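Dropping protein13.pdb in here (PDB, C-alpha atoms):
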```
ATOM      1  CA  MET A 828     -22.846  22.302 -49.609  1.00  0.00           C
ATOM      2  CA  ASP A 829     -22.042  19.013 -51.295  1.00  0.00           C
ATOM      3  CA  ILE A 830     -19.206  16.553 -50.703  1.00  0.00           C
ATOM      4  CA  LYS A 831     -17.127  17.817 -53.658  1.00  0.00           C
ATOM      5  CA  GLN A 832     -17.131  21.350 -52.265  1.00  0.00           C
ATOM      6  CA  ILE A 833     -16.032  20.016 -48.861  1.00  0.00           C
ATOM      7  CA  GLN A 834     -13.206  18.047 -50.467  1.00  0.00           C
ATOM      8  CA  GLU A 835     -12.056  21.172 -52.330  1.00  0.00           C
ATOM      9  CA  LEU A 836     -12.028  23.105 -49.040  1.00  0.00           C
ATOM     10  CA  VAL A 837      -9.968  20.380 -47.352  1.00  0.00           C
ATOM     11  CA  LYS A 838      -7.430  20.477 -50.203  1.00  0.00           C
ATOM     12  CA  LEU A 839      -7.277  24.261 -50.009  1.00  0.00           C
ATOM     13  CA  VAL A 840      -6.646  24.200 -46.239  1.00  0.00           C
ATOM     14  CA  ASN A 841      -3.970  21.496 -46.586  1.00  0.00           C
ATOM     15  CA  LYS A 842      -2.065  23.460 -49.246  1.00  0.00           C
ATOM     16  CA  SER A 843      -2.212  26.769 -47.397  1.00  0.00           C
ATOM     17  CA  ASN A 844      -0.973  28.011 -44.036  1.00  0.00           C
ATOM     18  CA  ILE A 845      -4.516  28.229 -42.699  1.00  0.00           C
ATOM     19  CA  GLY A 846      -4.804  26.456 -39.351  1.00  0.00           C
ATOM     20  CA  GLU A 847      -8.582  26.291 -39.115  1.00  0.00           C
ATOM     21  CA  LEU A 848     -11.517  27.121 -41.372  1.00  0.00           C
ATOM     22  CA  LYS A 849     -15.127  27.507 -40.144  1.00  0.00           C
ATOM     23  CA  ILE A 850     -18.096  27.895 -42.471  1.00  0.00           C
ATOM     24  CA  GLU A 851     -21.682  28.461 -41.374  1.00  0.00           C
ATOM     25  CA  GLN A 852     -24.588  28.620 -43.831  1.00  0.00           C
ATOM     26  CA  ASN A 853     -28.142  28.559 -42.449  1.00  0.00           C
ATOM     27  CA  ASP A 854     -28.321  25.254 -40.501  1.00  0.00           C
ATOM     28  CA  PHE A 855     -25.082  23.864 -41.971  1.00  0.00           C
ATOM     29  CA  LYS A 856     -21.799  24.237 -40.050  1.00  0.00           C
ATOM     30  CA  ILE A 857     -18.379  22.822 -40.897  1.00  0.00           C
ATOM     31  CA  THR A 858     -14.973  23.227 -39.289  1.00  0.00           C
ATOM     32  CA  ILE A 859     -11.804  22.064 -41.028  1.00  0.00           C
ATOM     33  CA  LYS A 860      -8.576  22.017 -39.020  1.00  0.00           C
ATOM     34  CA  GLN A 861      -5.175  21.484 -40.521  1.00  0.00           C
ATOM     35  CA  LYS A 862      -3.172  18.654 -39.027  1.00  0.00           C
ATOM     36  CA  GLN A 863      -0.046  20.007 -37.382  1.00  0.00           C
ATOM     37  CA  GLU A 864       3.123  18.016 -37.873  1.00  0.00           C
ATOM     38  CA  PHE A 865       5.870  18.315 -35.325  1.00  0.00           C
ATOM     39  CA  SER A 866       9.416  17.157 -35.666  1.00  0.00           C
ATOM     40  CA  GLN A 867      11.547  15.812 -32.843  1.00  0.00           C
ATOM     41  CA  GLN A 868      13.575  19.045 -32.971  1.00  0.00           C
ATOM     42  CA  ASP A 869      10.472  21.076 -32.114  1.00  0.00           C
ATOM     43  CA  PHE A 870      10.197  19.270 -28.782  1.00  0.00           C
ATOM     44  CA  SER A 871      13.757  18.361 -27.893  1.00  0.00           C
ATOM     45  CA  PRO A 872      14.612  21.601 -26.000  1.00  0.00           C
ATOM     46  CA  GLN A 873      11.425  21.227 -23.926  1.00  0.00           C
ATOM     47  CA  LEU A 874      12.043  17.540 -23.267  1.00  0.00           C
ATOM     48  CA  GLN A 875      15.633  18.107 -22.238  1.00  0.00           C
ATOM     49  CA  ALA A 876      14.587  20.846 -19.832  1.00  0.00           C
ATOM     50  CA  ALA A 877      11.764  18.748 -18.371  1.00  0.00           C
ATOM     51  CA  GLN A 878      13.632  15.471 -17.871  1.00  0.00           C
ATOM     52  CA  PRO A 879      15.611  16.376 -14.738  1.00  0.00           C
ATOM     53  CA  GLN A 880      12.447  17.621 -13.009  1.00  0.00           C
ATOM     54  CA  GLN A 881      10.093  14.779 -13.923  1.00  0.00           C
ATOM     55  CA  ASN A 882       9.234  11.910 -11.636  1.00  0.00           C
ATOM     56  CA  LEU A 883       7.581   9.646 -14.183  1.00  0.00           C
ATOM     57  CA  LEU A 884       6.291   6.921 -11.872  1.00  0.00           C
ATOM     58  CA  PRO A 885       4.873   8.164  -8.585  1.00  0.00           C
ATOM     59  CA  PRO A 886       4.705   5.527  -5.889  1.00  0.00           C
ATOM     60  CA  THR A 887       1.312   3.846  -6.072  1.00  0.00           C
ATOM     61  CA  PHE A 888       1.773   1.117  -3.503  1.00  0.00           C
ATOM     62  CA  PRO A 889       2.861   1.235   0.110  1.00  0.00           C
ATOM     63  CA  PRO A 890       6.169  -0.460   0.874  1.00  0.00           C
ATOM     64  CA  LEU A 891       5.829  -4.216   0.406  1.00  0.00           C
ATOM     65  CA  ALA A 892       7.366  -5.203   3.715  1.00  0.00           C
ATOM     66  CA  PRO A 893       5.577  -4.195   6.929  1.00  0.00           C
ATOM     67  CA  ALA A 894       7.391  -1.797   9.250  1.00  0.00           C
ATOM     68  CA  GLY A 895       8.207  -4.529  11.772  1.00  0.00           C
ATOM     69  CA  THR A 896       9.863  -6.929   9.325  1.00  0.00           C
ATOM     70  CA  LYS A 897      13.375  -6.501  10.773  1.00  0.00           C
ATOM     71  CA  SER A 898      12.358  -7.601  14.252  1.00  0.00           C
ATOM     72  CA  THR A 899      10.224 -10.386  12.785  1.00  0.00           C
ATOM     73  CA  ASP A 900      13.237 -11.765  10.914  1.00  0.00           C
ATOM     74  CA  LYS A 901      15.218 -11.763  14.175  1.00  0.00           C
ATOM     75  CA  GLU A 902      12.392 -13.558  15.984  1.00  0.00           C
ATOM     76  CA  ILE A 903      12.287 -16.195  13.259  1.00  0.00           C
ATOM     77  CA  ALA A 904      16.038 -16.722  13.518  1.00  0.00           C
ATOM     78  CA  LYS A 905      15.847 -17.049  17.331  1.00  0.00           C
ATOM     79  CA  SER A 906      12.906 -19.439  17.462  1.00  0.00           C
ATOM     80  CA  ASP A 907      14.246 -22.838  16.463  1.00  0.00           C
ATOM     81  CA  ASN A 908      11.100 -24.691  17.524  1.00  0.00           C
ATOM     82  CA  THR A 909       8.808 -22.986  14.997  1.00  0.00           C
ATOM     83  CA  ILE A 910       8.210 -23.434  11.292  1.00  0.00           C
ATOM     84  CA  THR A 911       7.657 -20.410   9.080  1.00  0.00           C
ATOM     85  CA  VAL A 912       4.833 -20.498   6.523  1.00  0.00           C
ATOM     86  CA  LYS A 913       5.995 -18.249   3.678  1.00  0.00           C
ATOM     87  CA  SER A 914       4.201 -16.577   0.798  1.00  0.00           C
ATOM     88  CA  PRO A 915       4.516 -18.544  -2.441  1.00  0.00           C
ATOM     89  CA  MET A 916       3.843 -15.416  -4.540  1.00  0.00           C
ATOM     90  CA  ILE A 917       3.619 -11.646  -4.682  1.00  0.00           C
ATOM     91  CA  GLY A 918       0.177 -10.216  -3.985  1.00  0.00           C
ATOM     92  CA  THR A 919      -2.213  -8.970  -1.318  1.00  0.00           C
ATOM     93  CA  PHE A 920      -2.629 -11.052   1.839  1.00  0.00           C
ATOM     94  CA  TYR A 921      -6.137 -11.728   3.178  1.00  0.00           C
ATOM     95  CA  ARG A 922      -6.951 -13.651   6.363  1.00  0.00           C
ATOM     96  CA  GLN A 923     -10.577 -14.292   5.357  1.00  0.00           C
ATOM     97  CA  ALA A 924     -12.546 -15.059   2.190  1.00  0.00           C
ATOM     98  CA  GLY A 925     -14.704 -11.942   2.507  1.00  0.00           C
ATOM     99  CA  PRO A 926     -15.662  -9.138   4.890  1.00  0.00           C
ATOM    100  CA  ASP A 927     -18.451 -11.163   6.498  1.00  0.00           C
ATOM    101  CA  LYS A 928     -16.568 -14.490   6.489  1.00  0.00           C
ATOM    102  CA  PRO A 929     -14.574 -15.908   9.418  1.00  0.00           C
ATOM    103  CA  VAL A 930     -10.765 -15.812   9.375  1.00  0.00           C
ATOM    104  CA  PHE A 931      -9.092 -18.967   8.079  1.00  0.00           C
ATOM    105  CA  VAL A 932      -6.684 -19.331  11.038  1.00  0.00           C
ATOM    106  CA  SER A 933      -5.959 -17.435  14.239  1.00  0.00           C
ATOM    107  CA  VAL A 934      -3.252 -17.650  16.871  1.00  0.00           C
ATOM    108  CA  GLY A 935      -3.738 -20.880  18.822  1.00  0.00           C
ATOM    109  CA  ASP A 936      -5.500 -22.759  15.978  1.00  0.00           C
ATOM    110  CA  ASN A 937      -4.238 -26.203  15.024  1.00  0.00           C
ATOM    111  CA  ILE A 938      -3.592 -26.749  11.329  1.00  0.00           C
ATOM    112  CA  ALA A 939      -2.854 -29.795   9.200  1.00  0.00           C
ATOM    113  CA  PRO A 940      -1.355 -30.143   5.723  1.00  0.00           C
ATOM    114  CA  GLY A 941      -3.920 -29.033   3.143  1.00  0.00           C
ATOM    115  CA  ASP A 942      -5.741 -26.598   5.445  1.00  0.00           C
ATOM    116  CA  VAL A 943      -6.292 -23.162   3.894  1.00  0.00           C
ATOM    117  CA  VAL A 944      -4.451 -20.592   6.012  1.00  0.00           C
ATOM    118  CA  CYS A 945      -5.010 -17.435   3.910  1.00  0.00           C
ATOM    119  CA  ILE A 946      -5.738 -16.029   0.456  1.00  0.00           C
ATOM    120  CA  ILE A 947      -3.273 -14.096  -1.669  1.00  0.00           C
ATOM    121  CA  GLU A 948      -4.749 -12.002  -4.441  1.00  0.00           C
ATOM    122  CA  ALA A 949      -2.539 -11.502  -7.478  1.00  0.00           C
ATOM    123  CA  MET A 950      -3.812  -9.818 -10.650  1.00  0.00           C
ATOM    124  CA  LYS A 951      -7.476 -10.163  -9.663  1.00  0.00           C
ATOM    125  CA  LEU A 952      -7.071 -13.893  -8.941  1.00  0.00           C
ATOM    126  CA  PHE A 953      -7.650 -15.123  -5.395  1.00  0.00           C
ATOM    127  CA  ASN A 954      -5.290 -17.983  -4.547  1.00  0.00           C
ATOM    128  CA  GLU A 955      -5.967 -20.122  -1.484  1.00  0.00           C
ATOM    129  CA  ILE A 956      -2.730 -20.839   0.349  1.00  0.00           C
ATOM    130  CA  GLU A 957      -2.693 -24.258   1.978  1.00  0.00           C
ATOM    131  CA  SER A 958      -0.520 -25.335   4.868  1.00  0.00           C
ATOM    132  CA  GLU A 959       2.247 -27.826   4.150  1.00  0.00           C
ATOM    133  CA  VAL A 960       2.878 -28.506   7.846  1.00  0.00           C
ATOM    134  CA  SER A 961       0.863 -29.549  10.876  1.00  0.00           C
ATOM    135  CA  GLY A 962       0.991 -27.693  14.151  1.00  0.00           C
ATOM    136  CA  LYS A 963      -0.355 -24.738  16.096  1.00  0.00           C
ATOM    137  CA  ILE A 964      -0.354 -21.129  14.821  1.00  0.00           C
ATOM    138  CA  VAL A 965       1.929 -19.160  17.144  1.00  0.00           C
ATOM    139  CA  LYS A 966       1.955 -15.804  15.376  1.00  0.00           C
ATOM    140  CA  VAL A 967       0.430 -14.071  12.343  1.00  0.00           C
ATOM    141  CA  LEU A 968       3.232 -11.964  10.846  1.00  0.00           C
ATOM    142  CA  VAL A 969       1.281  -9.971   8.230  1.00  0.00           C
ATOM    143  CA  GLU A 970      -1.639  -7.585   8.621  1.00  0.00           C
ATOM    144  CA  ASP A 971      -4.845  -8.291   6.715  1.00  0.00           C
ATOM    145  CA  ALA A 972      -5.140  -6.683   3.255  1.00  0.00           C
ATOM    146  CA  SER A 973      -1.455  -5.760   3.083  1.00  0.00           C
ATOM    147  CA  PRO A 974       0.922  -6.474   0.189  1.00  0.00           C
ATOM    148  CA  VAL A 975       3.345  -9.384   0.502  1.00  0.00           C
ATOM    149  CA  GLU A 976       6.448 -10.393  -1.397  1.00  0.00           C
ATOM    150  CA  PHE A 977       7.509 -13.806  -2.628  1.00  0.00           C
ATOM    151  CA  ASP A 978       8.957 -15.905   0.225  1.00  0.00           C
ATOM    152  CA  GLN A 979       7.858 -13.376   2.871  1.00  0.00           C
ATOM    153  CA  PRO A 980       7.038 -15.028   6.238  1.00  0.00           C
ATOM    154  CA  LEU A 981       3.275 -15.105   6.898  1.00  0.00           C
ATOM    155  CA  PHE A 982       2.805 -17.340   9.953  1.00  0.00           C
ATOM    156  CA  LEU A 983       4.872 -18.988  12.672  1.00  0.00           C
ATOM    157  CA  VAL A 984       3.743 -22.537  13.390  1.00  0.00           C
ATOM    158  CA  GLU A 985       4.760 -24.704  16.335  1.00  0.00           C
ATOM    159  CA  PRO A 986       5.018 -28.197  14.847  1.00  0.00           C
ATOM    160  CA  SER A 987       3.048 -31.012  16.443  1.00  0.00           C
TER     161      SER A 987
END
```
Structure translated into structure tokens:
Amino acid sequence: MDIKQIQELVKLVNKSNIGELKIEQNDFKITIKQKQEFSQQDFSPQLQAAQPQQNLLPPTFPPLAPAGTKSTDKEIAKSDNTITVKSPMIGTFYRQAGPDKPVFVSVGDNIAPGDVVCIIEAMKLFNEIESEVSGKIVKVLVEDASPVEFDQPLFLVEPS
């Protein structure tokens, strides 16, 4: 079968109501399917019926704030002698550079301005978060590898 015969078959299928045409000759096989065109009216009854039942975006992330955030906020408000180190961005909080690396800071560690206290990963970029204050880490407020929001408290620091 040559190309002109194939083109004639395609034209024939397009002009007719044939949905699919299969031809097999010896070792030659060809299948021609007619493109189906749908109008918006064809789907509108189905779409209208499906819309109330659909949940288009299933939750893919756990809640951004840890379960104990309410009590943490109260503790921060009560403790006047501590400084709160907050997240400068949205992302995932990490206490160490890798699984086999030591944590950047722990409770009781002294920090100075410029010291890296954690990493926040946002869109596949790992951002080192540096301290802007000097003092001693009193409490780590976020669990490792958990999502954080912008301006969420990460550490409590007792200033020195």
Using the chain letters and numbers from this file, what does the PyMOL selection byres ((chain A and resi 941-948) around 8) select? Give the answer as a VMD selection string. chain A and resid 916 to 924 931 to 932 938 to 940 949 to 959
The distance between atom CA of A:Ser987 and atom CA of A:Leu968 is 19.9 Å
Evaluating the PyMOL selection byres ((chain A and resi 849) around 9) on the displayed file yields which residues, as a ChimeraX atom specification? /A:847-848,850-851,856-860
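Our summary of the geometry notes that atom CA of A:Thr909 is positioned 8.2 Å from atom CA of A:Val965.
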Might you pull out every residue within 8 Å of A:Asn937, with all atoms listed in the file counted and same-chain residues fewer than 5 positions away left off, and present them as a PDB file with C-alpha atoms, in the coordinates of the input?
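Full text of result34.pdb as output:
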```
ATOM      1  CA  SER A 961       0.863 -29.549  10.876  1.00  0.00           C
ATOM      2  CA  GLY A 962       0.991 -27.693  14.151  1.00  0.00           C
ATOM      3  CA  LYS A 963      -0.355 -24.738  16.096  1.00  0.00           C
ATOM      4  CA  ILE A 964      -0.354 -21.129  14.821  1.00  0.00           C
TER       5      ILE A 964
END
```
So the first atom is atom CA of A:Leu983 and the second is atom CA of A:Val912; what is the distance between them in Å, to one decimal place? 6.3 Å
